[in-house]
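As stored in work.cif (mmCIF, C-alpha atoms):
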```
data_protein
#
loop_
_atom_site.group_PDB
_atom_site.id
_atom_site.type_symbol
_atom_site.label_atom_id
_atom_site.label_comp_id
_atom_site.auth_asym_id
_atom_site.auth_seq_id
_atom_site.Cartn_x
_atom_site.Cartn_y
_atom_site.Cartn_z
ATOM 1 C CA MET B 1 40.439 49.093 74.114
ATOM 2 C CA PHE B 2 39.830 52.813 73.540
ATOM 3 C CA ARG B 3 37.882 52.033 70.364
ATOM 4 C CA ALA B 4 35.599 49.628 72.246
ATOM 5 C CA LEU B 5 34.900 52.251 74.913
ATOM 6 C CA LEU B 6 34.212 54.889 72.279
ATOM 7 C CA ASP B 7 31.829 52.526 70.484
ATOM 8 C CA LYS B 8 30.029 51.822 73.771
ATOM 9 C CA LEU B 9 29.666 55.558 74.437
ATOM 10 C CA LYS B 10 28.324 56.176 70.927
ATOM 11 C CA LEU B 11 25.825 53.361 71.401
ATOM 12 C CA GLY B 12 24.648 54.878 74.697
ATOM 13 C CA LEU B 13 24.152 58.296 73.106
ATOM 14 C CA THR B 14 22.340 56.759 70.160
ATOM 15 C CA LYS B 15 19.977 54.941 72.526
ATOM 16 C CA THR B 16 19.220 58.124 74.509
ATOM 17 C CA ARG B 17 18.634 60.118 71.332
ATOM 18 C CA SER B 18 16.384 57.410 69.888
ATOM 19 C CA LEU B 19 14.317 57.243 73.088
ATOM 20 C CA PHE B 20 13.476 60.948 72.844
ATOM 21 C CA ALA B 21 12.907 60.580 69.102
ATOM 22 C CA GLY B 22 10.362 57.887 69.976
ATOM 23 C CA VAL B 23 8.385 60.411 72.020
ATOM 24 C CA ALA B 24 8.487 62.907 69.145
ATOM 25 C CA GLY B 25 7.548 60.158 66.674
ATOM 26 C CA LEU B 26 4.230 59.610 68.437
ATOM 27 C CA PHE B 27 3.052 62.957 67.129
ATOM 28 C CA ARG B 28 3.527 61.921 63.521
ATOM 29 C CA LEU B 29 0.800 59.317 63.963
ATOM 30 C CA LYS B 30 -2.641 59.866 62.515
ATOM 31 C CA GLY B 31 -5.613 59.453 64.781
ATOM 32 C CA LYS B 32 -6.819 60.612 68.146
ATOM 33 C CA VAL B 33 -5.355 60.912 71.598
ATOM 34 C CA ASP B 34 -6.892 57.775 73.080
ATOM 35 C CA HIS B 35 -5.948 55.439 75.915
ATOM 36 C CA ASP B 36 -3.599 53.435 73.668
ATOM 37 C CA PHE B 37 -1.789 56.622 72.617
ATOM 38 C CA LEU B 38 -1.466 57.713 76.259
ATOM 39 C CA LYS B 39 -0.103 54.301 77.298
ATOM 40 C CA GLU B 40 2.479 54.451 74.507
ATOM 41 C CA LEU B 41 3.441 58.020 75.496
ATOM 42 C CA GLU B 42 3.812 56.921 79.120
ATOM 43 C CA LYS B 43 6.010 53.985 78.103
ATOM 44 C CA LYS B 44 8.261 56.155 75.935
ATOM 45 C CA LEU B 45 8.622 58.786 78.680
ATOM 46 C CA TYR B 46 9.666 56.127 81.198
ATOM 47 C CA LEU B 47 12.176 54.716 78.728
ATOM 48 C CA ALA B 48 13.546 58.241 78.222
ATOM 49 C CA ASP B 49 14.077 58.485 82.022
ATOM 50 C CA VAL B 50 11.618 61.329 82.529
ATOM 51 C CA GLY B 51 10.588 60.080 85.997
ATOM 52 C CA SER B 52 7.362 58.680 87.386
ATOM 53 C CA ALA B 53 5.795 61.845 88.857
ATOM 54 C CA ALA B 54 6.491 63.929 85.748
ATOM 55 C CA THR B 55 5.256 61.160 83.452
ATOM 56 C CA ALA B 56 2.045 60.658 85.446
ATOM 57 C CA GLY B 57 1.451 64.422 85.527
ATOM 58 C CA LEU B 58 1.885 64.768 81.781
ATOM 59 C CA VAL B 59 -0.336 61.791 80.962
ATOM 60 C CA ASP B 60 -3.062 63.120 83.303
ATOM 61 C CA ARG B 61 -2.915 66.579 81.731
ATOM 62 C CA MET B 62 -2.984 65.077 78.242
ATOM 63 C CA LYS B 63 -6.111 63.123 79.222
ATOM 64 C CA GLN B 64 -7.826 66.267 80.508
ATOM 65 C CA ALA B 65 -6.901 68.485 77.578
ATOM 66 C CA PHE B 66 -6.754 66.186 74.552
ATOM 67 C CA LEU B 67 -8.570 62.880 75.133
ATOM 68 C CA ASP B 68 -10.467 61.932 71.938
ATOM 69 C CA LYS B 69 -9.032 64.911 70.032
ATOM 70 C CA GLU B 70 -6.911 64.596 66.900
ATOM 71 C CA ILE B 71 -3.136 64.222 67.265
ATOM 72 C CA ASP B 72 -1.752 67.462 65.843
ATOM 73 C CA LYS B 73 0.853 70.172 66.307
ATOM 74 C CA GLU B 74 -1.024 71.535 69.339
ATOM 75 C CA THR B 75 -0.692 68.237 71.208
ATOM 76 C CA GLU B 76 3.003 68.050 70.329
ATOM 77 C CA LEU B 77 3.618 71.625 71.526
ATOM 78 C CA PHE B 78 1.730 70.874 74.737
ATOM 79 C CA VAL B 79 4.088 67.964 75.485
ATOM 80 C CA ARG B 80 7.190 69.990 74.562
ATOM 81 C CA ASP B 81 6.093 72.887 76.800
ATOM 82 C CA TYR B 82 5.309 70.512 79.648
ATOM 83 C CA LEU B 83 8.697 68.804 79.397
ATOM 84 C CA ALA B 84 10.465 72.184 79.153
ATOM 85 C CA GLY B 85 8.556 73.300 82.254
ATOM 86 C CA LEU B 86 10.067 70.405 84.178
ATOM 87 C CA LEU B 87 13.382 72.194 83.886
ATOM 88 C CA GLN B 88 12.122 75.167 85.898
ATOM 89 C CA ILE B 89 12.935 75.195 89.615
ATOM 90 C CA GLU B 90 9.743 75.176 91.670
ATOM 91 C CA GLY B 91 9.777 76.616 95.184
ATOM 92 C CA GLY B 92 11.941 74.874 97.711
ATOM 93 C CA ARG B 93 14.590 76.128 100.073
ATOM 94 C CA ASP B 94 17.332 78.614 99.428
ATOM 95 C CA ILE B 95 20.663 77.109 98.517
ATOM 96 C CA LYS B 96 23.407 78.211 100.886
ATOM 97 C CA ILE B 97 26.396 79.039 98.687
ATOM 98 C CA ASN B 98 29.806 79.035 100.372
ATOM 99 C CA PRO B 99 31.403 82.419 99.546
ATOM 100 C CA ASP B 100 34.909 81.117 100.382
ATOM 101 C CA GLY B 101 35.067 78.027 98.189
ATOM 102 C CA PRO B 102 33.101 75.379 96.422
ATOM 103 C CA THR B 103 29.596 74.372 97.435
ATOM 104 C CA VAL B 104 28.911 70.671 97.008
ATOM 105 C CA ILE B 105 25.349 69.501 96.408
ATOM 106 C CA MET B 106 24.754 65.758 96.360
ATOM 107 C CA ILE B 107 21.689 64.334 94.620
ATOM 108 C CA ALA B 108 20.610 60.811 95.553
ATOM 109 C CA GLY B 109 17.438 58.834 94.982
ATOM 110 C CA VAL B 110 15.899 55.647 93.728
ATOM 111 C CA ASN B 111 15.653 54.797 90.032
ATOM 112 C CA GLY B 112 13.043 56.839 88.182
ATOM 113 C CA SER B 113 12.747 59.521 90.853
ATOM 114 C CA GLY B 114 13.910 62.371 88.603
ATOM 115 C CA LYS B 115 17.528 62.835 89.660
ATOM 116 C CA THR B 116 18.783 63.621 86.151
ATOM 117 C CA THR B 117 16.052 66.205 85.572
ATOM 118 C CA SER B 118 16.651 67.731 89.010
ATOM 119 C CA ILE B 119 20.374 68.022 88.343
ATOM 120 C CA ALA B 120 19.653 69.767 85.027
ATOM 121 C CA LYS B 121 17.199 72.160 86.723
ATOM 122 C CA LEU B 122 19.665 72.947 89.489
ATOM 123 C CA ALA B 123 22.618 73.383 87.124
ATOM 124 C CA GLY B 124 20.593 75.681 84.865
ATOM 125 C CA PHE B 125 19.309 77.729 87.802
ATOM 126 C CA LEU B 126 22.759 78.194 89.330
ATOM 127 C CA SER B 127 24.355 78.930 85.965
ATOM 128 C CA ARG B 128 21.745 81.603 85.155
ATOM 129 C CA ASP B 129 22.437 83.051 88.608
ATOM 130 C CA GLY B 130 26.073 83.583 87.591
ATOM 131 C CA LYS B 131 27.539 80.631 89.483
ATOM 132 C CA LYS B 132 30.219 78.387 87.987
ATOM 133 C CA VAL B 133 28.734 74.897 87.860
ATOM 134 C CA LEU B 134 30.525 71.560 87.649
ATOM 135 C CA VAL B 135 28.424 68.388 87.462
ATOM 136 C CA ALA B 136 29.968 65.070 88.513
ATOM 137 C CA ALA B 137 28.253 62.151 86.753
ATOM 138 C CA CYS B 138 28.741 59.559 89.499
ATOM 139 C CA ASP B 139 25.978 57.153 88.416
ATOM 140 C CA THR B 140 28.443 55.016 86.504
ATOM 141 C CA PHE B 141 26.342 51.862 86.694
ATOM 142 C CA ARG B 142 23.654 53.104 84.287
ATOM 143 C CA ALA B 143 25.392 54.234 81.100
ATOM 144 C CA ALA B 144 22.393 56.284 79.964
ATOM 145 C CA ALA B 145 22.660 58.415 83.126
ATOM 146 C CA ILE B 146 26.102 59.647 82.099
ATOM 147 C CA ASP B 147 24.988 60.234 78.508
ATOM 148 C CA GLN B 148 21.900 62.171 79.588
ATOM 149 C CA LEU B 149 23.896 64.389 81.945
ATOM 150 C CA VAL B 150 26.437 65.082 79.194
ATOM 151 C CA ILE B 151 23.607 66.187 76.886
ATOM 152 C CA TRP B 152 22.061 68.428 79.562
ATOM 153 C CA CYS B 153 25.410 69.966 80.485
ATOM 154 C CA GLU B 154 26.126 70.729 76.817
ATOM 155 C CA ARG B 155 22.699 72.366 76.440
ATOM 156 C CA LEU B 156 23.179 74.400 79.612
ATOM 157 C CA GLY B 157 26.814 75.280 78.924
ATOM 158 C CA VAL B 158 28.101 73.852 82.212
ATOM 159 C CA ASP B 159 31.124 71.639 82.832
ATOM 160 C CA ILE B 160 30.899 67.939 83.630
ATOM 161 C CA VAL B 161 33.290 65.330 85.049
ATOM 162 C CA LYS B 162 32.483 61.756 84.115
ATOM 163 C CA GLY B 163 34.024 58.349 84.268
ATOM 164 C CA LEU B 164 33.548 55.322 82.110
ATOM 165 C CA PRO B 165 30.421 53.208 82.556
ATOM 166 C CA GLY B 166 31.038 50.745 85.367
ATOM 167 C CA SER B 167 33.895 52.740 86.906
ATOM 168 C CA ASP B 168 34.085 53.603 90.600
ATOM 169 C CA PRO B 169 31.612 56.428 91.415
ATOM 170 C CA ALA B 170 33.873 57.669 94.226
ATOM 171 C CA SER B 171 36.694 58.187 91.731
ATOM 172 C CA VAL B 172 34.429 60.446 89.653
ATOM 173 C CA ALA B 173 33.465 62.453 92.756
ATOM 174 C CA HIS B 174 37.136 62.703 93.753
ATOM 175 C CA ALA B 175 38.125 63.880 90.259
ATOM 176 C CA ALA B 176 35.455 66.591 90.442
ATOM 177 C CA CYS B 177 36.890 67.926 93.707
#
```

What would the structure in this file look like if it were written as structure tokens?
Amino acid sequence: MFRALLDKLKLGLTKTRSLFAGVAGLFRLKGKVDHDFLKELEKKLYLADVGSAATAGLVDRMKQAFLDKEIDKETELFVRDYLAGLLQIEGGRDIKINPDGPTVIMIAGVNGSGKTTSIAKLAGFLSRDGKKVLVAACDTFRAAAIDQLVIWCERLGVDIVKGLPGSDPASVAHAAC
């Protein structure tokens, strides 16, 4: 049983990694940034769970800056910088941190609304601010969500509590408390 679960986890990570590799692979193509290229970029970003607003923003900016120009290192760096910029916290309200104990922040939203990216932004911001961060990966129904949060938490150096795909989300939240 453990082996089957481990194999399923490896498969999920492989899929996530290959989705982002697909975005990077677009820049190895020869040719110009045309409407077909932009449609393919949009598709790969959606598959990589980038979110609809961020994807639309990137495709629009690519159109403005690079339409009918050659695909080169500059276009690739533009996309990398744009995606890295998504991880910066923009404006918003102050977060009220409880000085006497843990502060719980719950993120909820519809599919494709950018929850994973928002969690990574928030975790990175709080971690850089000297706070101890623990992420609870409660979206157990979409295996890629857990895998993506694990990757972000590793990159950011923050802790994560996760369950197995399909497990009870409340049990993950309870384990994190």

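Taken over the whole file, the PyMOL selection byres ((chain B and resi 134-150) around 7) covers exactly Gly12, Leu13, Thr16, Thr116, Lys132, Val133, Ile151, Trp152, Cys153, Glu154, Val158, Asp159, Ile160, Val161, Lys162, Gly163, Leu164, Pro165, Gly166, Ser167, Pro169, Val172, Ala173 and Ala176 of chain B.
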
Starting from the displayed file, determine the output of the PyMOL selection byres ((chain B and resi 68) around 8) and express the residue list as an mmCIF file with C-alpha atoms, in the coordinates of the input.
```cif
data_model
loop_
_atom_site.group_PDB
_atom_site.id
_atom_site.type_symbol
_atom_site.label_atom_id
_atom_site.label_comp_id
_atom_site.auth_asym_id
_atom_site.auth_seq_id
_atom_site.Cartn_x
_atom_site.Cartn_y
_atom_site.Cartn_z
ATOM 1 C CA LYS B 32 -6.819 60.612 68.146
ATOM 2 C CA VAL B 33 -5.355 60.912 71.598
ATOM 3 C CA ASP B 34 -6.892 57.775 73.080
ATOM 4 C CA PHE B 66 -6.754 66.186 74.552
ATOM 5 C CA LEU B 67 -8.570 62.880 75.133
ATOM 6 C CA LYS B 69 -9.032 64.911 70.032
ATOM 7 C CA GLU B 70 -6.911 64.596 66.900
#
```

* For CA of Ser127 (chain B) and CA of Leu58 (chain B), the interatomic separation in Å (one decimal) -> 26.9 Å

Residue neighbourhood Ser113 (chain B), 12 Å, all atoms listed in the file, exclusion window fewer than 2 positions, as a compact mmCIF listing (two decimals) with C-alpha atoms, keeping the file's coordinate frame:
```txt
# COMPACT_ATOMS: atom_id res chain seq x y z
CA TYR B 46 9.67 56.13 81.20
CA ASP B 49 14.08 58.48 82.02
CA VAL B 50 11.62 61.33 82.53
CA GLY B 51 10.59 60.08 86.00
CA SER B 52 7.36 58.68 87.39
CA ALA B 53 5.80 61.84 88.86
CA ALA B 54 6.49 63.93 85.75
CA THR B 55 5.26 61.16 83.45
CA ILE B 107 21.69 64.33 94.62
CA ALA B 108 20.61 60.81 95.55
CA GLY B 109 17.44 58.83 94.98
CA VAL B 110 15.90 55.65 93.73
CA ASN B 111 15.65 54.80 90.03
CA LYS B 115 17.53 62.84 89.66
CA THR B 116 18.78 63.62 86.15
CA THR B 117 16.05 66.20 85.57
CA SER B 118 16.65 67.73 89.01
CA ILE B 119 20.37 68.02 88.34
```

As AutoDock Vina command-line options, please report the centre and edge lengths, rounded to one decimal in Å, of the axis-aligned box that holds all listed atoms of region 55-59 of chain B with 4 Å of padding on each of the six sides.
```
--center_x 2.5 --center_y 62.7 --center_z 83.2 --size_x 13.6 --size_y 12.1 --size_z 12.6
```

* To do: Enter the distance from CA of Phe78 (chain B) to CA of Phe27 (chain B), in Å, rounded to one decimal.
  =>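 Calculated distance between CA of Phe78 (chain B) and CA of Phe27 (chain B) is 11.1 Å.
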
* Within 7 Å of Gly124 (chain B), counting all atoms listed in the file, which residues show up once you throw out same-chain ones fewer than 4 positions away? Write them as JSON, numbers by chain, please. => {"B": [120, 128, 156]}

* **Atom-to-atom span, CA of Val23 (chain B) and CA of Gly112 (chain B), Å** =>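 Computed distance, CA of Val23 (chain B) to CA of Gly112 (chain B), equals 17.2 Å.
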
* **Residue with smallest distance to Tyr82 (chain B) - pool B:Ala170, B:Ile97, B:Ala56, B:Met106, counting only C-alpha atoms** => B:Ala56

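Distances to Leu83 (chain B) were evaluated for B:Gly130, B:Gly25, B:Gly57, B:Gly157 using all atoms listed in the file, and the minimum falls at B:Gly57.
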
* Structure fact -> Min atom-atom distance to Thr103 (chain B) from the set B:Val79, B:Leu126, B:Arg61, B:Lys30, counting all atoms listed in the file, belongs to B:Leu126

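Among B:Gln64, B:Ala175, B:Ile71, B:Pro99, the residue with the shortest atom-to-atom distance to Ala24 (chain B), counting only C-alpha atoms, is B:Ile71.
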
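The closest residue to Leu29 (chain B), picked from B:Ala48, B:Lys43, B:Lys73, B:Asp60 and counting only C-alpha atoms, is B:Lys73.
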